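Read through the structure below, which is laid out as structure tokens, and then see the notes.
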Amino acid sequence: MTDSLISRRGLMRYGAYGAAAAALGGVAASWDRLTGADIPGRNDGSLVVATLGPAYGPEAIRTLTEGFRKQHPDIKLRINAVQAVDWSDFFAKILTQIAAGTAPDLVYVATEGVQLFAQRLGVPLDRWVKRDAEELREYFADVHPSLVESMMYEGSLYQLPVEFNAADMYLNNQVLKRAGAGFPAPDWTRDDFTALLRDMKKSGGSRFTPYFWTNRLWGGVVPWLFANGTNLLAESKAPGGAWLWDSFYPAADRRGRGGGFRWTTPQATDARVEEAYDYLASLIQEDLCTRPEGGNGQNLVGVFSTGRVGVTPAGGFWAGGLSLAGMKATDYDVQYFPRWRTQRMQFGAAGYALLRTSKKQDEAWEFIKYAARRDTLMRLFTTNQTTPARRSMLSPDRYRETGPNHWQVFYDTLDKFPDTGPIPAPPQVAEVEQVLLKHTGTALASRGAVRPALRRMQGDLEKAMERDV
């Protein structure tokens with residue numbers, strides 16, 4: 001694997017991104033369609049930006065393209081919305097394009113892929129950030145340092161975050177009322193949470209599930225690990241980063257910051273990890289929640305909106321989703337994740353990564369800056385389909401129609417809990433996630449299954465983390 005181009009052999013080591021490897025073995029007749037070589041204007045000299053299709057529809061693409069053209073009429077821009085099921089599928093398709101020599105210049109990358117792209121494919125933004133420091137001062141003042149730190153890798157910054165979502169708790173107000181329960185306090189505990197689920201169960205009926213969650217890296221078991229003061233992988237900070245923190249953040253905000261997160265030694269057999277799994281297994285045994293399902297939770301909107309689920313973890317993106325499902329702002333609300341040993345919470349963020357293969361890196365930087373501007377994001381994020389990285393965008397006007405009442409929770413998850421951090425996503429994230437999902441399902445089959453499943457998870461995580469991506 002070279003610095004500038006990922007090899008086929010390297011590509012086939014990407015675990016969950018195996019769809020890309022499979023695509024490489026496809027017939028030659030489908031190659032143009034596979035790589036996007038048949039897209040009109042593919043080689044017209046445009047700056048090419050690849051985004052996740054479901055997140056960027058035609059209107060969003062038009063907003064970005066037309067606005068950028070006004071600012072930079074000399075730079076031809078094309079945004080390719082890659083249709084994919086989830087981030088893993090999206091990254092697989094991008095890796096296929098890179099292997100085929102038809103790589104985009106920029107890729108929209110979530111936390112799940114930040115270190116993967118930074119280590120092998122990305123370009124540090126440090127020199128441009130230092131050069132344009134005065135222009136960017138307003139941006140950093142409006143963006144929480146935790147989001148920025150999550151986009152750093154080994155001392156360098158690889159993306160400017162434009163959106164994020166923390167795993168807060170959504171509650172159906174109809175279900176709360178039916179159970180005779182009040183809205184929980186911000187400092188509610190795990191025991192308060194359990195008691196609320198029991199109250200909901202008593203009044204809910206046979207088809208009702210008090211708590212529902214999906215088996216995935218974001219919003220799955222990880223928030224409970226964080227709340228119990230642990231993590232799937234040992235967590236530390238890389239050195240460096242002072243060049244950024246000292247330039248843009250006051251002393252209080254830069255204290256304890258480093259050059260990005262490091263996730264290293266697997267610790268699935270840690271006593272606190274086992275304790276978190278035992279707790280979730282006890283909820284399942286008590287029929288307070290179902291065994292977690294895979295997927296991205298799309299089906300959850302319907303069951304939550306109709307009162308068949310009482311509580312579920314989700315981010316600011318759900319405010320828009322529930323509104324589209326017909327829920328009024330008064331029908332539901334959101335609160336912080338409950339406290340256990342800590343009330344540390346988790347988030348995932350996203351921004352644009354610049355690829356080393358790009359021949360238009362200066363032009364790409366101009367797009368990165370444009371995409372992070374407040375006026376750009378105001379036009380782009382109109383339906384509360386996410387939480388903007390810019391604090392100033394969260395206002396009563398934004399949530400007046402879609403709710404929830406406690407919308408401040410979305411950004412206060414960062415502001416009031418500064419130790420809240422990103423989901424564990426090392427460069428080997430694809431295999432790590434697959435191991436987590438596989439063994440979580442097994443562990444929660446019964447309380448007696450937890451310990452042996454976690455032992456097997458530990459062994460598989462150790463193998464995954466030993467592999468060079």
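FYI, nothing fancy with the structure tokens labels: chains A, B, ... in order, residues from 1 per chain, ligands from 1 as they appear.
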
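Using only C-alpha atoms, the protein and nucleic acid residues lying no more than 6 Å from region 96-110 of chain A, apart from those fewer than 6 places from it along its own chain, are A:Ile6, A:Ala20, A:Thr35, A:Val48, A:Val49, A:Ala50, A:Thr51, A:Ala349, A:Ala350, A:Gly351, A:Tyr352, A:Ala353, A:Leu354, A:Leu355, A:Ser358.
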
DSSP strand (DSSP E) selection over region 27-143 of chain A, as a list of chain:residue names
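So, restricting region 27-143 of chain A to strand (DSSP E), we get A:Leu47, A:Val48, A:Val49, A:Ala50, A:Thr51, A:Leu52, A:Leu77, A:Arg78, A:Ile79, A:Asn80, A:Ala81, A:Val82, A:Leu106, A:Val107, A:Tyr108, A:Val109, A:Ala110.
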
Selected residues written out with C-alpha atoms, as a PDB file, in the first residue's frame:
ATOM      1  CA  LEU A  47     -13.612  19.288  -7.836  1.00  0.00           C
ATOM      2  CA  VAL A  48     -15.428  16.087  -6.857  1.00  0.00           C
ATOM      3  CA  VAL A  49     -17.068  15.667  -3.461  1.00  0.00           C
ATOM      4  CA  ALA A  50     -18.518  12.302  -2.410  1.00  0.00           C
ATOM      5  CA  THR A  51     -21.314  12.270   0.168  1.00  0.00           C
ATOM      6  CA  LEU A  52     -23.548   9.627   1.684  1.00  0.00           C
ATOM      7  CA  LEU A  77     -17.747  21.584  -8.425  1.00  0.00           C
ATOM      8  CA  ARG A  78     -19.533  18.257  -8.651  1.00  0.00           C
ATOM      9  CA  ILE A  79     -21.135  16.506  -5.681  1.00  0.00           C
ATOM     10  CA  ASN A  80     -21.731  12.787  -6.014  1.00  0.00           C
ATOM     11  CA  ALA A  81     -24.328  11.420  -3.596  1.00  0.00           C
ATOM     12  CA  VAL A  82     -23.269   7.789  -3.241  1.00  0.00           C
ATOM     13  CA  LEU A 106     -13.226  15.048  -0.850  1.00  0.00           C
ATOM     14  CA  VAL A 107     -15.252  12.480   1.081  1.00  0.00           C
ATOM     15  CA  TYR A 108     -17.851  13.142   3.747  1.00  0.00           C
ATOM     16  CA  VAL A 109     -16.615  11.037   6.649  1.00  0.00           C
ATOM     17  CA  ALA A 110     -18.215  10.277  10.021  1.00  0.00           C
TER      18      ALA A 110
END

Using only C-alpha atoms, which protein or nucleic acid residues come within 12 Å of Lys463 (chain A)? Drop anything in the same chain fewer than 5 positions from it, and give the result as a list in words.
Thr264, Thr265, Pro266, Gln428, Glu431, Val432, Val435, Arg456, Met457, Gln458 and Asp468 of chain A

Residues as selected, C-alpha atoms, written as a tab-separated table (two decimals), in the first residue's frame, can you do that?
chain	number	residue	atom	x	y	z
A	264	THR	CA	-5.77	0.55	21.77
A	265	THR	CA	-6.00	-2.47	24.09
A	266	PRO	CA	-9.31	-4.36	24.02
A	428	GLN	CA	-9.49	-1.03	12.48
A	431	GLU	CA	-13.56	-5.29	12.24
A	432	VAL	CA	-13.98	-3.90	15.74
A	435	VAL	CA	-16.87	-8.18	16.57
A	456	ARG	CA	-14.75	-14.58	22.97
A	457	MET	CA	-15.22	-10.90	22.15
A	458	GLN	CA	-11.91	-10.10	23.85
A	468	ASP	CA	-2.57	-3.51	10.07

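Look at Met327 (chain A): the protein and nucleic acid residues within 10 Å of it, using only C-alpha atoms and passing over chain neighbours fewer than 5 places away, are Asn172, Val301, Phe304, Ser305, Thr306, Ala319, Gly320, Gly321, Leu322, Tyr332, Thr402 and Gly403 of chain A.
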
Once DSSP has gone over the backbone, tell me which residues of region 92-275 of chain A are in alpha helix (DSSP H), as an MDAnalysis selection string.
chainID A and resid 92:99 111:120 126:131 133:141 145:149 173:179 190:204 222:227 242:248 251:254 271:275

Can you pull out the residues contacting Pro239 (chain A)? Cut-off 9 Å, using only C-alpha atoms, and skip same-chain residues under 5 positions away; I want them as a ChimeraX atom specification.
/A:154-155,257-260

If we count only C-alpha atoms, what is near Asp126 (chain A) at a cut-off of 8 Å, once residues fewer than 3 positions away on the same chain are taken out, given as a JSON list (two decimals) with all heavy atoms, in the first residue's frame?
[["chain", "number", "residue", "atom", "x", "y", "z"],
["A", 129, "VAL", "N", -5.13, 25.54, 7.95],
["A", 129, "VAL", "CA", -5.74, 26.11, 9.15],
["A", 129, "VAL", "C", -4.85, 27.20, 9.73],
["A", 129, "VAL", "O", -5.33, 28.28, 10.11],
["A", 129, "VAL", "CB", -6.01, 25.02, 10.21],
["A", 129, "VAL", "CG1", -6.45, 25.62, 11.53],
["A", 129, "VAL", "CG2", -7.06, 24.03, 9.70],
["A", 130, "LYS", "N", -3.54, 26.95, 9.78],
["A", 130, "LYS", "CA", -2.60, 27.97, 10.29],
["A", 130, "LYS", "C", -2.58, 29.19, 9.38],
["A", 130, "LYS", "O", -2.57, 30.33, 9.84],
["A", 130, "LYS", "CB", -1.20, 27.36, 10.39],
["A", 130, "LYS", "CG", -1.07, 26.28, 11.46],
["A", 130, "LYS", "CD", 0.30, 25.62, 11.40],
["A", 130, "LYS", "CE", 0.41, 24.48, 12.40],
["A", 130, "LYS", "NZ", 1.71, 23.76, 12.29],
["A", 156, "SER", "N", -2.59, 15.96, 14.26],
["A", 156, "SER", "CA", -3.03, 16.76, 13.11],
["A", 156, "SER", "C", -4.55, 16.75, 12.99],
["A", 156, "SER", "O", -5.22, 15.79, 13.40],
["A", 156, "SER", "CB", -2.41, 16.23, 11.81],
["A", 156, "SER", "OG", -1.03, 16.51, 11.75],
["A", 157, "LEU", "N", -5.09, 17.81, 12.40],
["A", 157, "LEU", "CA", -6.52, 17.93, 12.16],
["A", 157, "LEU", "C", -6.82, 17.48, 10.73],
["A", 157, "LEU", "O", -6.20, 17.96, 9.78],
["A", 157, "LEU", "CB", -6.97, 19.38, 12.36],
["A", 157, "LEU", "CG", -8.45, 19.67, 12.14],
["A", 157, "LEU", "CD1", -9.29, 18.99, 13.22],
["A", 157, "LEU", "CD2", -8.71, 21.17, 12.14],
["A", 158, "TYR", "N", -7.78, 16.58, 10.58],
["A", 158, "TYR", "CA", -8.10, 16.04, 9.27],
["A", 158, "TYR", "C", -9.46, 16.48, 8.73],
["A", 158, "TYR", "O", -9.71, 16.34, 7.54],
["A", 158, "TYR", "CB", -8.03, 14.51, 9.29],
["A", 158, "TYR", "CG", -6.60, 14.01, 9.25],
["A", 158, "TYR", "CD1", -5.85, 13.92, 10.42],
["A", 158, "TYR", "CD2", -5.99, 13.68, 8.05],
["A", 158, "TYR", "CE1", -4.53, 13.49, 10.39],
["A", 158, "TYR", "CE2", -4.68, 13.24, 8.00],
["A", 158, "TYR", "CZ", -3.95, 13.16, 9.17],
["A", 158, "TYR", "OH", -2.64, 12.74, 9.13]]

Hey, what's within 8 Å of region 213-229 of chain A if we count only C-alpha atoms and toss same-chain stuff fewer than 3 positions away? As a PyMOL selection string, please?
chain A and resi 167+232+272-273+276-277+292-297+312-314+337-348+423+433+436-437+440-441

If you keep N, CA and C atoms, can you produce a file of those selected residues as a compact mmCIF listing (two decimals), in the first residue's frame?
# COMPACT_ATOMS: atom_id res chain seq x y z
N ALA A 167 -25.73 10.53 21.87
CA ALA A 167 -26.77 9.56 22.24
C ALA A 167 -27.47 10.02 23.51
N LEU A 232 -14.92 0.08 25.30
CA LEU A 232 -14.62 -1.19 24.64
C LEU A 232 -13.12 -1.38 24.47
N ARG A 272 -16.15 -3.75 34.62
CA ARG A 272 -17.21 -2.77 34.37
C ARG A 272 -17.92 -3.01 33.04
N VAL A 273 -17.20 -3.55 32.07
CA VAL A 273 -17.85 -3.93 30.81
C VAL A 273 -18.85 -5.05 31.08
N ALA A 276 -21.94 -3.75 32.76
CA ALA A 276 -22.87 -3.08 31.84
C ALA A 276 -23.70 -4.10 31.06
N TYR A 277 -23.06 -5.15 30.58
CA TYR A 277 -23.78 -6.19 29.85
C TYR A 277 -24.75 -6.93 30.77
N PRO A 292 -31.34 -6.45 21.44
CA PRO A 292 -31.13 -5.40 20.45
C PRO A 292 -31.13 -5.92 19.02
N GLU A 293 -31.74 -5.15 18.15
CA GLU A 293 -31.75 -5.49 16.74
C GLU A 293 -30.59 -4.81 16.03
N GLY A 294 -30.20 -5.38 14.90
CA GLY A 294 -29.19 -4.74 14.08
C GLY A 294 -29.80 -3.64 13.25
N GLY A 295 -28.98 -2.96 12.46
CA GLY A 295 -29.50 -1.92 11.57
C GLY A 295 -29.38 -0.54 12.16
N ASN A 296 -29.96 0.41 11.46
CA ASN A 296 -29.81 1.81 11.85
C ASN A 296 -31.03 2.38 12.56
N GLY A 297 -31.98 1.56 12.92
CA GLY A 297 -33.11 2.01 13.69
C GLY A 297 -34.20 2.72 12.90
N THR A 312 -35.86 5.53 24.05
CA THR A 312 -34.81 5.02 23.16
C THR A 312 -33.70 6.05 23.05
N PRO A 313 -32.43 5.61 22.89
CA PRO A 313 -31.34 6.57 22.69
C PRO A 313 -31.28 7.03 21.23
N ALA A 314 -31.16 8.32 21.04
CA ALA A 314 -31.04 8.89 19.69
C ALA A 314 -30.44 10.28 19.80
N PHE A 337 -28.47 11.11 28.79
CA PHE A 337 -28.35 9.70 29.14
C PHE A 337 -28.19 9.62 30.66
N PRO A 338 -28.81 8.63 31.31
CA PRO A 338 -28.76 8.59 32.78
C PRO A 338 -27.36 8.35 33.33
N ARG A 339 -27.16 8.84 34.54
CA ARG A 339 -25.88 8.68 35.24
C ARG A 339 -25.76 7.28 35.82
N TRP A 340 -24.53 6.75 35.76
CA TRP A 340 -24.22 5.52 36.47
C TRP A 340 -23.03 5.86 37.36
N ARG A 341 -21.85 5.32 37.06
CA ARG A 341 -20.68 5.81 37.79
C ARG A 341 -20.31 7.21 37.32
N THR A 342 -20.59 7.48 36.07
CA THR A 342 -20.35 8.81 35.50
C THR A 342 -21.58 9.19 34.68
N GLN A 343 -21.61 10.40 34.18
CA GLN A 343 -22.63 10.77 33.21
C GLN A 343 -21.93 11.23 31.93
N ARG A 344 -20.82 10.56 31.63
CA ARG A 344 -20.13 10.80 30.38
C ARG A 344 -20.95 10.19 29.24
N MET A 345 -21.13 10.94 28.18
CA MET A 345 -21.92 10.45 27.05
C MET A 345 -21.08 10.34 25.79
N GLN A 346 -21.64 9.77 24.74
CA GLN A 346 -20.90 9.53 23.50
C GLN A 346 -21.55 10.25 22.34
N PHE A 347 -20.74 10.54 21.33
CA PHE A 347 -21.26 11.18 20.12
C PHE A 347 -20.52 10.66 18.90
N GLY A 348 -21.07 10.96 17.76
CA GLY A 348 -20.40 10.76 16.48
C GLY A 348 -20.52 12.06 15.70
N ILE A 423 -17.41 7.88 19.88
CA ILE A 423 -17.44 6.42 19.92
C ILE A 423 -16.04 5.88 19.58
N GLU A 433 -16.15 -3.15 14.97
CA GLU A 433 -17.60 -3.05 15.02
C GLU A 433 -18.26 -4.41 14.78
N LEU A 436 -17.99 -6.47 17.88
CA LEU A 436 -18.90 -5.96 18.90
C LEU A 436 -20.33 -6.42 18.64
N LEU A 437 -20.80 -6.25 17.41
CA LEU A 437 -22.17 -6.60 17.09
C LEU A 437 -22.43 -8.09 17.27
N THR A 440 -22.19 -9.08 21.10
CA THR A 440 -23.24 -8.44 21.92
C THR A 440 -24.54 -9.22 21.80
N GLY A 441 -24.88 -9.61 20.58
CA GLY A 441 -26.08 -10.41 20.38
C GLY A 441 -26.04 -11.70 21.18

Among the residues A:Met465, A:Met378, A:Met393, A:Leu136, the one that comes closest to Phe248 (chain A) [using only C-alpha atoms]
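For Phe248 (chain A), the nearest of the given residues is A:Leu136.
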